[in-house]
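Engineer: work_21.txt is reproduced below (compact mmCIF, C-alpha atoms).
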```txt
# COMPACT_ATOMS: atom_id res chain seq x y z
CA MET X 102 128.22 147.74 43.17
CA ILE X 103 126.53 150.63 41.37
CA LEU X 104 128.46 153.89 41.79
CA THR X 105 126.01 156.77 42.13
CA ASP X 106 125.93 160.29 43.56
CA SER X 107 123.52 162.60 45.35
CA LEU X 108 122.25 165.12 42.79
CA ASN X 109 119.58 167.80 42.64
CA ILE X 110 118.11 170.09 40.04
CA GLU X 111 119.45 173.31 41.61
CA ASN X 112 123.17 172.47 41.48
CA ARG X 113 123.69 171.20 37.97
CA HIS X 114 127.43 171.78 38.02
CA THR X 115 127.71 168.77 40.34
CA TRP X 116 126.37 166.60 37.53
CA ASP X 117 129.52 167.29 35.51
CA ILE X 118 131.69 166.50 38.52
CA ALA X 119 129.91 163.18 38.92
CA LYS X 120 130.24 162.36 35.23
CA ALA X 121 133.93 163.27 35.28
CA CYS X 122 134.32 160.62 37.98
CA GLY X 123 132.55 158.03 35.84
CA VAL X 124 129.17 158.29 37.57
CA THR X 125 126.22 157.86 35.22
CA THR X 126 123.40 157.17 37.69
CA GLY X 127 121.81 159.57 40.15
CA ASP X 128 120.38 159.40 43.65
CA VAL X 129 118.16 162.43 43.09
CA ARG X 130 116.29 164.82 45.33
CA LEU X 131 112.80 165.82 44.18
CA PRO X 132 111.95 169.54 44.40
CA GLU X 133 110.08 170.48 47.58
CA LYS X 134 108.30 173.57 46.18
CA ASP X 135 105.98 173.97 43.20
CA PHE X 136 106.32 170.30 42.29
CA ASP X 137 103.55 167.72 42.33
CA VAL X 138 104.80 164.15 42.74
CA THR X 139 101.39 162.86 41.65
CA ASP X 140 101.65 164.61 38.26
CA PHE X 141 103.36 162.21 35.86
CA SER X 142 104.21 164.94 33.36
CA GLN X 143 106.16 166.85 36.03
CA MET X 144 107.90 163.71 37.22
CA LYS X 145 108.83 162.72 33.68
CA GLY X 146 110.09 166.21 32.87
CA PHE X 147 112.28 166.10 35.99
CA TYR X 148 113.57 162.64 35.07
CA ASP X 149 114.22 163.56 31.44
CA THR X 150 116.26 166.62 32.47
CA PHE X 151 118.80 164.32 34.08
CA VAL X 152 118.75 161.76 31.29
CA SER X 153 119.36 164.45 28.68
CA GLU X 154 122.62 165.27 30.50
CA GLY X 155 123.81 161.67 30.73
CA ILE X 156 122.57 160.85 34.25
CA THR X 157 119.93 158.15 34.83
CA PRO X 158 118.01 158.62 38.10
CA ILE X 159 117.80 155.29 39.95
CA ALA X 160 116.90 156.40 43.49
CA ILE X 161 114.93 159.10 45.29
CA GLU X 162 116.40 160.58 48.48
CA PRO X 163 114.86 161.74 50.70
CA MET X 164 111.17 160.94 50.66
CA PRO X 165 109.86 164.47 49.90
CA ASN X 166 109.85 166.28 53.25
CA HIS X 167 106.68 168.25 52.51
CA LEU X 168 104.88 164.89 52.58
CA HIS X 169 107.01 162.82 54.90
CA ASP X 170 107.07 165.29 57.80
CA HIS X 171 103.28 165.02 58.12
CA ILE X 172 103.48 161.23 58.01
CA LYS X 173 106.17 160.84 60.67
CA THR X 174 104.32 163.05 63.14
CA ALA X 175 100.81 161.81 62.19
CA ASP X 176 99.29 165.27 61.93
CA ASP X 177 96.03 166.09 60.16
CA LYS X 178 97.72 165.89 56.73
CA ARG X 179 99.07 162.35 57.22
CA ASP X 180 96.50 160.41 55.17
CA GLU X 181 96.50 162.97 52.37
CA SER X 182 100.30 162.77 52.24
CA ILE X 183 100.28 158.97 52.20
CA GLU X 184 97.88 159.01 49.25
CA LYS X 185 100.31 161.24 47.37
CA VAL X 186 103.20 158.90 48.18
CA ILE X 187 101.25 155.98 46.74
CA LYS X 188 100.54 157.94 43.55
CA MET X 189 104.23 158.82 43.40
CA PHE X 190 105.03 155.07 43.43
CA ALA X 191 102.94 154.61 40.29
CA ASN X 192 104.83 157.41 38.54
CA LEU X 193 108.21 156.04 39.61
CA ASP X 194 107.22 152.64 38.25
CA LYS X 195 106.55 154.17 34.83
CA LEU X 196 110.01 155.78 34.94
CA ASN X 197 111.69 152.58 36.20
CA VAL X 198 113.00 154.31 39.36
CA ARG X 199 112.94 151.48 41.90
CA LEU X 200 114.44 152.84 45.13
CA ILE X 201 113.44 155.39 47.81
CA CYS X 202 115.66 156.23 50.77
CA PHE X 203 113.49 157.29 53.70
CA ASN X 204 114.07 157.93 57.40
CA TRP X 205 112.01 158.10 60.58
CA MET X 206 113.52 161.18 62.24
CA ALA X 207 110.60 163.36 63.33
CA HIS X 208 111.11 167.11 63.93
CA VAL X 209 114.94 166.82 63.95
CA GLY X 210 116.70 165.41 60.90
CA TRP X 211 120.40 164.59 60.67
CA CYS X 212 121.93 166.88 63.24
CA ARG X 213 125.35 168.42 63.82
CA THR X 214 126.64 170.96 66.34
CA SER X 215 129.70 171.97 64.28
CA SER X 216 130.32 172.44 60.59
CA ASP X 217 133.91 173.70 60.61
CA LEU X 218 136.01 171.18 62.54
CA MET X 219 139.55 171.01 61.21
CA GLU X 220 140.58 167.91 59.32
CA ARG X 221 143.90 167.30 57.57
CA GLY X 222 145.33 169.80 55.09
CA GLY X 223 143.13 172.65 56.30
CA SER X 224 139.95 170.90 55.23
CA SER X 225 136.87 171.10 57.46
CA VAL X 226 134.19 168.59 58.46
CA THR X 227 131.03 168.42 60.52
CA GLY X 228 130.69 167.03 64.03
CA PHE X 229 128.24 166.38 66.84
CA ASP X 230 128.66 166.81 70.59
CA LEU X 231 125.65 166.00 72.79
CA GLU X 232 126.93 168.18 75.64
CA GLU X 233 127.24 171.14 73.28
CA TYR X 234 123.82 170.42 71.81
CA GLU X 235 122.18 170.44 75.24
CA LYS X 236 124.19 173.43 76.49
CA ASN X 237 123.23 175.60 73.54
CA GLY X 238 119.56 174.66 73.65
CA ASN X 239 119.79 173.20 70.17
CA ILE X 240 116.35 171.60 70.30
CA ALA X 241 113.45 171.39 67.88
CA SER X 242 111.10 174.27 68.58
CA PHE X 243 108.20 176.09 66.99
CA ASP X 244 107.21 179.59 68.09
CA GLY X 245 109.43 179.10 71.13
CA ARG X 246 107.71 175.89 72.17
CA GLU X 247 109.80 172.76 72.31
CA LYS X 248 108.49 169.98 70.10
CA CYS X 249 108.15 166.48 71.46
CA ILE X 250 107.31 162.99 70.32
CA THR X 251 107.59 159.65 72.11
CA LYS X 252 109.02 156.33 71.03
CA ARG X 253 105.57 154.77 71.26
CA GLU X 254 104.14 157.41 68.93
CA LEU X 255 107.01 156.92 66.49
CA TRP X 256 106.53 153.15 66.38
CA ASP X 257 102.76 153.54 65.96
CA ASN X 258 103.21 156.12 63.18
CA TYR X 259 105.84 154.00 61.44
CA GLU X 260 103.68 150.88 61.50
CA TYR X 261 100.68 152.84 60.20
CA PHE X 262 102.81 154.16 57.32
CA ILE X 263 104.33 150.87 56.19
CA ASN X 264 101.01 149.05 56.43
CA ALA X 265 99.51 151.74 54.21
CA VAL X 266 102.25 152.00 51.57
CA MET X 267 104.02 148.65 51.38
CA PRO X 268 101.21 146.86 49.50
CA TYR X 269 101.67 149.50 46.79
CA ALA X 270 105.47 149.35 46.99
CA ASP X 271 105.07 145.63 46.26
CA LYS X 272 102.55 146.29 43.51
CA TYR X 273 104.87 148.75 41.75
CA ASN X 274 108.13 147.03 42.77
CA ILE X 275 109.55 150.03 44.64
CA LYS X 276 112.23 149.28 47.24
CA MET X 277 111.90 151.24 50.48
CA ALA X 278 115.32 151.68 52.15
CA LEU X 279 115.16 152.85 55.77
CA HIS X 280 117.98 155.17 56.87
CA PRO X 281 119.02 155.12 60.55
CA ASP X 282 118.71 158.13 62.86
CA ASP X 283 121.80 160.35 62.72
CA PRO X 284 123.08 160.76 65.37
CA PRO X 285 121.68 157.45 66.65
CA LEU X 286 120.60 158.83 70.03
CA GLU X 287 117.39 157.78 71.74
CA ARG X 288 116.49 161.40 72.53
CA LEU X 289 117.27 164.95 71.39
CA GLY X 290 115.55 167.27 73.84
CA LYS X 291 111.98 166.03 74.07
CA VAL X 292 112.16 164.44 70.63
CA GLU X 293 112.65 160.71 71.01
CA ARG X 294 114.11 158.52 68.27
CA ILE X 295 113.80 154.83 67.47
CA MET X 296 116.01 153.89 64.49
CA THR X 297 119.10 153.90 66.67
CA SER X 298 120.30 150.29 66.76
CA TYR X 299 120.50 147.17 64.61
CA GLU X 300 117.90 145.56 66.88
CA ASN X 301 115.36 148.34 66.31
CA ILE X 302 116.00 148.63 62.59
CA ASN X 303 115.71 144.88 62.15
CA LYS X 304 112.40 145.04 64.01
CA ALA X 305 111.25 147.91 61.78
CA ILE X 306 111.96 146.14 58.49
CA ASN X 307 110.22 143.00 59.68
CA LEU X 308 106.99 144.59 60.92
CA TYR X 309 105.70 144.17 57.37
CA LYS X 310 106.88 141.13 55.44
CA SER X 311 108.07 142.29 52.07
CA ASP X 312 111.13 141.81 49.88
CA ASN X 313 110.84 145.53 49.12
CA LEU X 314 111.31 146.79 52.69
CA GLY X 315 114.96 147.10 53.67
CA VAL X 316 117.68 149.54 54.66
CA THR X 317 119.98 152.24 53.52
CA PHE X 318 123.20 151.10 55.19
CA CYS X 319 124.77 154.37 56.33
CA GLN X 320 127.89 152.69 57.61
CA ALA X 321 129.20 155.52 59.82
CA THR X 322 125.85 155.76 61.61
CA TYR X 323 125.89 152.03 62.34
CA TYR X 324 129.46 152.46 63.57
CA THR X 325 128.48 155.26 65.97
CA MET X 326 125.63 153.09 67.23
CA GLY X 327 128.39 150.81 68.52
CA GLU X 328 127.48 148.02 66.09
CA ASP X 329 130.11 145.69 64.62
CA LEU X 330 129.85 146.44 60.89
CA TYR X 331 131.32 143.10 59.89
CA LYS X 332 128.63 141.23 61.83
CA VAL X 333 125.71 143.47 60.90
CA ILE X 334 126.42 143.60 57.15
CA PRO X 335 126.07 139.80 56.74
CA LEU X 336 122.95 139.80 58.93
CA LEU X 337 121.32 142.44 56.72
CA LYS X 338 122.78 141.34 53.40
CA ASP X 339 119.41 140.56 51.80
CA LYS X 340 117.94 143.82 53.09
CA ILE X 341 120.69 146.29 52.18
CA PHE X 342 119.30 148.20 49.19
CA PHE X 343 121.61 151.24 49.29
CA VAL X 344 124.95 152.14 50.90
CA HIS X 345 126.10 155.52 52.20
CA PHE X 346 129.91 155.52 52.21
CA ARG X 347 131.28 157.77 54.96
CA ASN X 348 133.78 157.66 57.80
CA VAL X 349 133.89 159.06 61.35
CA ILE X 350 135.84 159.16 64.60
CA GLY X 351 133.99 158.93 67.91
CA ASN X 352 130.70 157.58 69.22
CA LYS X 353 127.04 158.58 69.15
CA TYR X 354 127.53 161.12 71.93
CA LYS X 355 130.49 162.88 70.34
CA PHE X 356 131.87 162.29 66.86
CA ARG X 357 133.22 164.05 63.81
CA GLU X 358 133.29 163.27 60.15
CA THR X 359 136.67 162.65 58.53
CA CYS X 360 138.23 162.44 55.12
CA HIS X 361 137.03 159.10 53.85
CA ASP X 362 140.37 157.34 54.41
CA ASN X 363 141.14 159.00 57.74
CA GLY X 364 138.54 157.69 60.20
CA SER X 365 137.90 154.70 62.42
CA ILE X 366 136.28 152.54 59.73
CA ASP X 367 138.52 150.42 57.51
CA MET X 368 136.83 151.45 54.28
CA ALA X 369 138.44 148.80 52.08
CA LYS X 370 137.45 146.11 54.58
CA ALA X 371 133.87 147.42 54.67
CA LEU X 372 133.62 147.38 50.87
CA LYS X 373 135.08 143.89 50.75
CA CYS X 374 132.44 142.79 53.27
CA TYR X 375 129.65 144.07 50.99
CA ILE X 376 131.15 142.32 47.97
CA ASP X 377 131.84 139.07 49.84
CA ASN X 378 128.19 139.00 50.93
CA GLY X 379 126.89 139.45 47.39
CA ILE X 380 125.60 142.98 48.01
CA ASP X 381 125.41 144.63 44.59
CA VAL X 382 123.44 147.84 45.16
CA PRO X 383 123.79 151.60 44.59
CA ILE X 384 126.52 153.20 46.71
CA ARG X 385 127.36 156.86 47.12
CA VAL X 386 129.81 158.99 49.10
CA ASP X 387 128.31 160.92 51.97
CA HIS X 388 129.31 163.94 54.09
CA VAL X 389 132.47 164.83 52.20
CA PRO X 390 135.09 167.22 53.63
CA THR X 391 135.17 170.86 52.54
CA LEU X 392 138.69 171.32 51.23
CA ALA X 393 140.80 174.32 52.19
CA SER X 394 140.46 176.21 48.91
CA GLU X 395 136.71 175.85 48.43
CA LYS X 396 133.58 177.53 49.71
CA SER X 397 130.63 175.19 49.91
CA ASN X 398 127.03 176.38 50.14
CA LYS X 399 126.02 172.96 51.46
CA VAL X 400 128.22 171.55 54.20
CA GLY X 401 129.18 167.95 53.55
CA TYR X 402 128.50 168.13 49.82
CA GLY X 403 131.21 170.43 48.46
CA ASP X 404 132.65 170.08 44.97
CA LEU X 405 136.32 169.37 45.67
CA GLY X 406 135.53 167.10 48.59
CA ARG X 407 133.12 165.24 46.34
CA LEU X 408 135.81 164.78 43.68
CA TYR X 409 138.21 163.38 46.27
CA ALA X 410 135.66 161.06 47.89
CA ILE X 411 134.22 159.64 44.66
CA GLY X 412 137.70 159.06 43.29
CA TYR X 413 138.70 157.25 46.48
CA LEU X 414 135.57 155.10 46.43
CA LYS X 415 135.92 154.33 42.73
CA GLY X 416 139.56 153.31 43.19
CA LEU X 417 138.69 150.96 46.04
CA LEU X 418 135.80 149.44 44.12
CA ASP X 419 137.87 148.92 40.98
CA GLY X 420 140.68 147.31 42.95
CA LEU X 421 138.40 145.00 44.93
CA GLU X 422 136.33 143.98 41.92
CA LYS X 423 139.46 143.24 39.85
CA THR X 424 140.73 141.06 42.71
CA VAL X 425 137.45 139.13 42.73
CA GLU X 426 137.57 138.73 38.93
CA LEU X 427 141.15 137.43 39.07
CA LYS X 428 140.26 135.03 41.87
CA ILE X 429 137.30 133.65 39.91
CA LYS X 430 139.42 133.33 36.77
CA LYS X 431 142.18 131.54 38.68
CA GLU X 432 139.75 129.18 40.39
CA GLY X 433 137.93 128.54 37.12
```
What is this structure when it is put down as structure tokens?
Structural biologist:
Amino acid sequence: MILTDSLNIENRHTWDIAKACGVTTGDVRLPEKDFDVTDFSQMKGFYDTFVSEGITPIAIEPMPNHLHDHIKTADDKRDESIEKVIKMFANLDKLNVRLICFNWMAHVGWCRTSSDLMERGGSSVTGFDLEEYEKNGNIASFDGREKCITKRELWDNYEYFINAVMPYADKYNIKMALHPDDPPLERLGKVERIMTSYENINKAINLYKSDNLGVTFCQATYYTMGEDLYKVIPLLKDKIFFVHFRNVIGNKYKFRETCHDNGSIDMAKALKCYIDNGIDVPIRVDHVPTLASEKSNKVGYGDLGRLYAIGYLKGLLDGLEKTVELKIKKEG
């Protein structure tokens, strides 16, 4: 598998952390302000900044929100935004960046009710509690008015989007990797959600027949859905384009992140399942703990927690891949 990390242009010190862990490829976030994804010179300058520091961008995550938010809700800027996405595909093709992680969470993105739950050794993690969310009125609002969207609207908007962009994703050989809703609840306030089960996600990636439409397998989200990872991974093996490596305890109604080796998912078993099913795609750590001695300006993506998590993932990968190599050598 291809060890990568989530990197952006604002926090360049994390690039050195990644490189110290042996990471040379980036899952990069495009700037949201004063940046034109249709301008190849800007895109190339952004790309070259990473390359000059020893990081090769191989994936874009997320789809730029200033475009994607209009598309998911189908407002009056939807078609204009889709046109810009298509032009972005052409620019990514020239730069040989072949993967985009996108989601279909309208109004409310990945959501947590706590950011300072205690984990071992005085570290802290994020968590979600539906009762707390509802009690505190933690709902999407604008000018005091609660936002809403229905499942039917979400499915219609999704189908409109993929029918518009997938012919161009095929033309430019760009893989579109759909991330599940996190938490995978069917409703948050009056905002409904649809990418909340294997069944729905499988439906979504088959509404348009393309080898370039697949999933970002965020394994902890599939776990909180109640899905059996070791059944779903083989079912999706040809459609898993990207893996988010994180661990949790709980269910979709109430869960918390954990240190990567301290949750309900057997992480070595999950990695072995990917490898046994021939899944050789970019993988990155996700939602790392904030360790006791650090102050993180972005919960879930702290420096020391990132060092720990990448090291843990790299050790597991090296061990599993060496085992496979030895097995092949012995059988050969």
Engineer: From the options X:Ser153, X:Asn307, X:Thr105, X:Asn348, which residue's atoms come nearest to X:Cys319, counting all atoms listed in the file?
Structural biologist: X:Asn348
Engineer: Show which residues sit within 6 Å of X:Phe229, as a PyMOL selection string. Count all atoms listed in the file, and ignore same-chain residues fewer than 6 positions away.
Structural biologist: chain X and resi 213-214+355-356
Engineer: Under the rule that all atoms listed in the file are counted, which of X:Ile411, X:Glu220, X:Asp329, X:Asp283 is the nearest residue to X:Glu358?
Structural biologist: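 Ranking X:Ile411, X:Glu220, X:Asp329, X:Asp283 by distance to X:Glu358, first place goes to X:Glu220.
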Engineer: Using 3 Å of padding on each side, determine the axis-aligned box around all atoms of stretch 323-336 of chain X present in the file and give its centre and edge lengths in Å to one decimal, as AutoDock Vina command-line options.
Structural biologist:
```
--center_x 127.1 --center_y 147.5 --center_z 62.6 --size_x 14.4 --size_y 21.5 --size_z 17.8
```
Engineer: Give the answer as one residue: which of X:Lys338, X:Lys332, X:Lys173, X:Lys423 has the shortest atom-to-atom distance to X:Trp256, using all atoms listed in the file?
Structural biologist: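 Ranking X:Lys338, X:Lys332, X:Lys173, X:Lys423 by distance to X:Trp256, first place goes to X:Lys173.
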Engineer: Would you mind reading off the distance between atom CA of X:Thr227 and atom CA of X:Ala393, one decimal, in Å?
Structural biologist: 14.1 Å
Engineer: Give me, please, the distance in Å between atom CA of X:Thr297 and atom CA of X:Asp282, quoted to one decimal.
Structural biologist: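 Answer for the atom CA of X:Thr297 to atom CA of X:Asp282 separation: 5.7 Å.
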Engineer: What's around X:Lys353 at 12 Å? Count all atoms listed in the file, leave out sequence neighbours fewer than 5 positions away in its own chain, and write the answer as an mmCIF file with C-alpha atoms, in the coordinates of the input.
Structural biologist:
```cif
data_model
loop_
_atom_site.group_PDB
_atom_site.id
_atom_site.type_symbol
_atom_site.label_atom_id
_atom_site.label_comp_id
_atom_site.auth_asym_id
_atom_site.auth_seq_id
_atom_site.Cartn_x
_atom_site.Cartn_y
_atom_site.Cartn_z
ATOM 1 C CA CYS X 212 121.930 166.880 63.240
ATOM 2 C CA ARG X 213 125.350 168.420 63.820
ATOM 3 C CA GLY X 228 130.690 167.030 64.030
ATOM 4 C CA PHE X 229 128.240 166.380 66.840
ATOM 5 C CA ASP X 230 128.660 166.810 70.590
ATOM 6 C CA LEU X 231 125.650 166.000 72.790
ATOM 7 C CA GLU X 232 126.930 168.180 75.640
ATOM 8 C CA ASP X 282 118.710 158.130 62.860
ATOM 9 C CA ASP X 283 121.800 160.350 62.720
ATOM 10 C CA PRO X 284 123.080 160.760 65.370
ATOM 11 C CA PRO X 285 121.680 157.450 66.650
ATOM 12 C CA LEU X 286 120.600 158.830 70.030
ATOM 13 C CA GLU X 287 117.390 157.780 71.740
ATOM 14 C CA ARG X 288 116.490 161.400 72.530
ATOM 15 C CA LEU X 289 117.270 164.950 71.390
ATOM 16 C CA THR X 297 119.100 153.900 66.670
ATOM 17 C CA SER X 298 120.300 150.290 66.760
ATOM 18 C CA ALA X 321 129.200 155.520 59.820
ATOM 19 C CA THR X 322 125.850 155.760 61.610
ATOM 20 C CA TYR X 323 125.890 152.030 62.340
ATOM 21 C CA TYR X 324 129.460 152.460 63.570
ATOM 22 C CA THR X 325 128.480 155.260 65.970
ATOM 23 C CA MET X 326 125.630 153.090 67.230
ATOM 24 C CA GLY X 327 128.390 150.810 68.520
ATOM 25 C CA GLU X 328 127.480 148.020 66.090
ATOM 26 C CA GLU X 358 133.290 163.270 60.150
#
```
Engineer: Between atom CA of X:Asp377 and atom CA of X:Phe343, measure the distance and give it in Å to one decimal.
Structural biologist: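 Value for the atom CA of X:Asp377-atom CA of X:Phe343 distance: 15.9 Å.
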Engineer: Using only C-alpha atoms, which residue out of X:Val198, X:Leu131, X:Ala175, X:Leu418 lies closest to X:Tyr261?
Structural biologist: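 Counting only C-alpha atoms, the residue closest to X:Tyr261 is X:Ala175.
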Engineer: Please provide the set of residues having any atom within 12 Å of X:Ser142, restricted to only C-alpha atoms, with same-chain residues fewer than 6 positions apart removed, written as a PDB file with C-alpha atoms, in the coordinates of the input.
Structural biologist:
```pdb
ATOM      1  CA  PHE X 136     106.320 170.300  42.290  1.00  0.00           C
ATOM      2  CA  TYR X 148     113.570 162.640  35.070  1.00  0.00           C
ATOM      3  CA  ASP X 149     114.220 163.560  31.440  1.00  0.00           C
ATOM      4  CA  MET X 189     104.230 158.820  43.400  1.00  0.00           C
ATOM      5  CA  ASN X 192     104.830 157.410  38.540  1.00  0.00           C
ATOM      6  CA  LEU X 193     108.210 156.040  39.610  1.00  0.00           C
ATOM      7  CA  LYS X 195     106.550 154.170  34.830  1.00  0.00           C
ATOM      8  CA  LEU X 196     110.010 155.780  34.940  1.00  0.00           C
TER       9      LEU X 196
END
```
Engineer: Here is a test: counting only C-alpha atoms, which residue of X:Ser394, X:Asn112, X:Thr157, X:Asn166 is nearest to X:Lys134?
Structural biologist: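 Selected residue with least distance to X:Lys134: X:Asn166.
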Engineer: For X:Gly315, find every residue with an atom within 9 Å (counting all atoms listed in the file), except residues of its own chain fewer than 5 positions away, and show them as a ChimeraX atom specification.
Structural biologist: /X:276-279,303,305-307,337,339-343
Engineer: For X:Ala207, list every protein, DNA or RNA residue within 7 Å, evaluated using all atoms listed in the file, and leave out those in the same chain fewer than 3 positions away; present the list as a compact mmCIF listing (two decimals) with C-alpha atoms, in the coordinates of the input.
Structural biologist:
```txt
# COMPACT_ATOMS: atom_id res chain seq x y z
CA ASP X 170 107.07 165.29 57.80
CA LYS X 173 106.17 160.84 60.67
CA THR X 174 104.32 163.05 63.14
CA GLY X 210 116.70 165.41 60.90
```
